[in-house]
Amino acid sequence: MNEGIFLNQVKQIGVGFAFIIFPILFVFAFAVRRGLLNPHLLGPSELIRRSHYDGLLQFEHVLVLLNASLLNVVTLHFMRLLENTSMAWAGLIGAVLAILGAIILAADKGVLYLTLSAFDTLNFKPCQSLEP
């Protein structure tokens with residue numbers, strides 16, 4: 001019986017932790033982005049030049065990647081709130097869509113992180129001829 005109470009406490013602490021840490025990490029990851037208040041389109045060479053040897057940009061992508069797992073914890077908590085109601089089916093559909101979105105977000109950020117870190121290992125210097 002004590003193991004069940006302990007497990008419930010651990011679950012509650014974990015969900016509370018996810019609710020607190022998820023928005024903090026998400027806001028931090030996007031708030032430290034350079035040029036956030038001055039949005040403009042970048043060409044290929046500018047994009048490569050901006051991201052080359054930018055450890056903070058890579059760290060942002062890793063934070064959002066890891067944050068996707070916390071989004072799944074929050075989603076499952078909200079789904080369980082509707083578990084014994086007549087709207088349980090809506091909670092299940094919403095959870096499936098949210099988890100699918102979190103997986104896609106994690107894949108996107110993982111690919112961006114791997115691409116940026118691959119550029120850094122190439123010792124690549126972009127030339128001006130990339131722009132038409």
# chains A, B, ... in the order shown; residues from 1 in each chain; ligands from 1

$ residues_around --residues "range 58-75 of chain A" --least-positions-apart "5" --cutoff "8 Å" --atoms "only C-alpha atoms" --output "MDAnalysis selection string"
chainID A and resid 15 18:19 22 25:26 29:30 33 95 98:99 102:103 105:107 109:110 112:113 116:117

$ write_last_selection --atoms "N, CA and C atoms" --output "short mmCIF file (atom, residue, chain, number, x, y, z; two decimals), in the first residue's frame"
data_model
loop_
_atom_site.label_atom_id
_atom_site.label_comp_id
_atom_site.auth_asym_id
_atom_site.auth_seq_id
_atom_site.Cartn_x
_atom_site.Cartn_y
_atom_site.Cartn_z
N VAL A 15 4.66 15.54 -12.69
CA VAL A 15 3.75 16.34 -13.49
C VAL A 15 3.89 17.83 -13.12
N ALA A 18 6.98 19.13 -14.68
CA ALA A 18 6.80 19.35 -16.12
C ALA A 18 6.01 20.63 -16.38
N PHE A 19 4.96 20.89 -15.58
CA PHE A 19 4.16 22.09 -15.75
C PHE A 19 4.98 23.36 -15.49
N PHE A 22 8.44 23.21 -18.34
CA PHE A 22 8.14 23.29 -19.78
C PHE A 22 8.06 24.74 -20.27
N LEU A 25 11.56 26.66 -19.99
CA LEU A 25 12.54 26.29 -21.01
C LEU A 25 12.15 26.79 -22.38
N PHE A 26 10.86 26.72 -22.71
CA PHE A 26 10.40 27.14 -24.02
C PHE A 26 10.59 28.64 -24.21
N ALA A 29 14.38 29.38 -24.44
CA ALA A 29 14.98 28.96 -25.71
C ALA A 29 14.70 29.96 -26.82
N PHE A 30 13.53 30.55 -26.83
CA PHE A 30 13.22 31.50 -27.88
C PHE A 30 13.61 32.93 -27.52
N ARG A 33 17.26 33.94 -28.56
CA ARG A 33 17.55 33.87 -30.00
C ARG A 33 17.94 35.25 -30.52
N ALA A 95 -4.89 13.98 -27.07
CA ALA A 95 -3.58 13.50 -26.63
C ALA A 95 -2.79 12.91 -27.79
N ALA A 98 -1.54 15.84 -29.84
CA ALA A 98 -0.49 16.59 -29.14
C ALA A 98 0.82 15.80 -29.10
N ILE A 99 0.73 14.50 -28.85
CA ILE A 99 1.95 13.68 -28.81
C ILE A 99 2.57 13.58 -30.20
N ALA A 102 4.34 16.76 -30.73
CA ALA A 102 5.58 16.80 -29.96
C ALA A 102 6.67 15.96 -30.62
N ILE A 103 6.29 14.83 -31.19
CA ILE A 103 7.26 13.99 -31.90
C ILE A 103 7.79 14.72 -33.13
N LEU A 105 7.87 17.99 -33.56
CA LEU A 105 8.71 19.08 -33.06
C LEU A 105 10.08 18.57 -32.66
N ALA A 106 10.13 17.44 -31.97
CA ALA A 106 11.41 16.87 -31.56
C ALA A 106 12.24 16.46 -32.77
N ALA A 107 11.59 15.88 -33.78
CA ALA A 107 12.32 15.49 -34.99
C ALA A 107 12.88 16.72 -35.71
N LYS A 109 13.61 19.74 -34.42
CA LYS A 109 14.69 20.35 -33.67
C LYS A 109 15.93 19.46 -33.63
N GLY A 110 15.73 18.16 -33.60
CA GLY A 110 16.86 17.24 -33.65
C GLY A 110 17.62 17.35 -34.96
N LEU A 112 17.62 19.97 -36.98
CA LEU A 112 18.29 21.28 -37.02
C LEU A 112 19.57 21.27 -36.20
N TYR A 113 19.52 20.65 -35.02
CA TYR A 113 20.72 20.58 -34.19
C TYR A 113 21.82 19.79 -34.88
N LEU A 116 23.30 21.85 -37.81
CA LEU A 116 24.16 22.94 -37.37
C LEU A 116 25.49 22.42 -36.83
N SER A 117 25.44 21.35 -36.06
CA SER A 117 26.69 20.81 -35.52
C SER A 117 27.53 20.17 -36.63
#

$ select_by_dssp --residues "range 10-105 of chain A" --states "alpha helix (DSSP H)" --output "PyMOL selection string"
chain A and resi 10-31+44-51+55-81+88-105

$ decode --residues "range 76-110 of chain A" --atoms "C-alpha atoms" --output "PDB file, in the first residue's frame"
ATOM      1  CA  LEU A  76      -1.034  12.675 -20.642  1.00  0.00           C
ATOM      2  CA  HIS A  77      -2.006  14.500 -17.452  1.00  0.00           C
ATOM      3  CA  PHE A  78      -4.724  16.438 -19.271  1.00  0.00           C
ATOM      4  CA  MET A  79      -5.933  13.244 -20.954  1.00  0.00           C
ATOM      5  CA  ARG A  80      -6.253  11.528 -17.566  1.00  0.00           C
ATOM      6  CA  LEU A  81      -8.391  14.398 -16.272  1.00  0.00           C
ATOM      7  CA  LEU A  82     -11.077  13.352 -18.755  1.00  0.00           C
ATOM      8  CA  GLU A  83     -10.586   9.626 -18.206  1.00  0.00           C
ATOM      9  CA  ASN A  84     -13.863   8.764 -16.436  1.00  0.00           C
ATOM     10  CA  THR A  85     -16.107  11.275 -18.180  1.00  0.00           C
ATOM     11  CA  SER A  86     -18.257  11.181 -21.285  1.00  0.00           C
ATOM     12  CA  MET A  87     -15.588  13.244 -23.084  1.00  0.00           C
ATOM     13  CA  ALA A  88     -12.794  10.703 -22.614  1.00  0.00           C
ATOM     14  CA  TRP A  89     -12.732  10.099 -26.365  1.00  0.00           C
ATOM     15  CA  ALA A  90     -11.981  13.791 -26.963  1.00  0.00           C
ATOM     16  CA  GLY A  91      -9.123  13.615 -24.458  1.00  0.00           C
ATOM     17  CA  LEU A  92      -7.708  10.594 -26.258  1.00  0.00           C
ATOM     18  CA  ILE A  93      -7.916  12.272 -29.680  1.00  0.00           C
ATOM     19  CA  GLY A  94      -6.357  15.451 -28.299  1.00  0.00           C
ATOM     20  CA  ALA A  95      -3.577  13.496 -26.625  1.00  0.00           C
ATOM     21  CA  VAL A  96      -2.792  11.581 -29.813  1.00  0.00           C
ATOM     22  CA  LEU A  97      -2.601  14.829 -31.797  1.00  0.00           C
ATOM     23  CA  ALA A  98      -0.489  16.587 -29.143  1.00  0.00           C
ATOM     24  CA  ILE A  99       1.950  13.684 -28.813  1.00  0.00           C
ATOM     25  CA  LEU A 100       2.230  13.433 -32.602  1.00  0.00           C
ATOM     26  CA  GLY A 101       2.965  17.177 -32.697  1.00  0.00           C
ATOM     27  CA  ALA A 102       5.578  16.803 -29.962  1.00  0.00           C
ATOM     28  CA  ILE A 103       7.261  13.991 -31.901  1.00  0.00           C
ATOM     29  CA  ILE A 104       7.321  16.133 -35.051  1.00  0.00           C
ATOM     30  CA  LEU A 105       8.710  19.085 -33.058  1.00  0.00           C
ATOM     31  CA  ALA A 106      11.406  16.867 -31.558  1.00  0.00           C
ATOM     32  CA  ALA A 107      12.318  15.494 -34.993  1.00  0.00           C
ATOM     33  CA  ASP A 108      12.506  19.002 -36.462  1.00  0.00           C
ATOM     34  CA  LYS A 109      14.693  20.353 -33.667  1.00  0.00           C
ATOM     35  CA  GLY A 110      16.860  17.242 -33.648  1.00  0.00           C
TER      36      GLY A 110
END
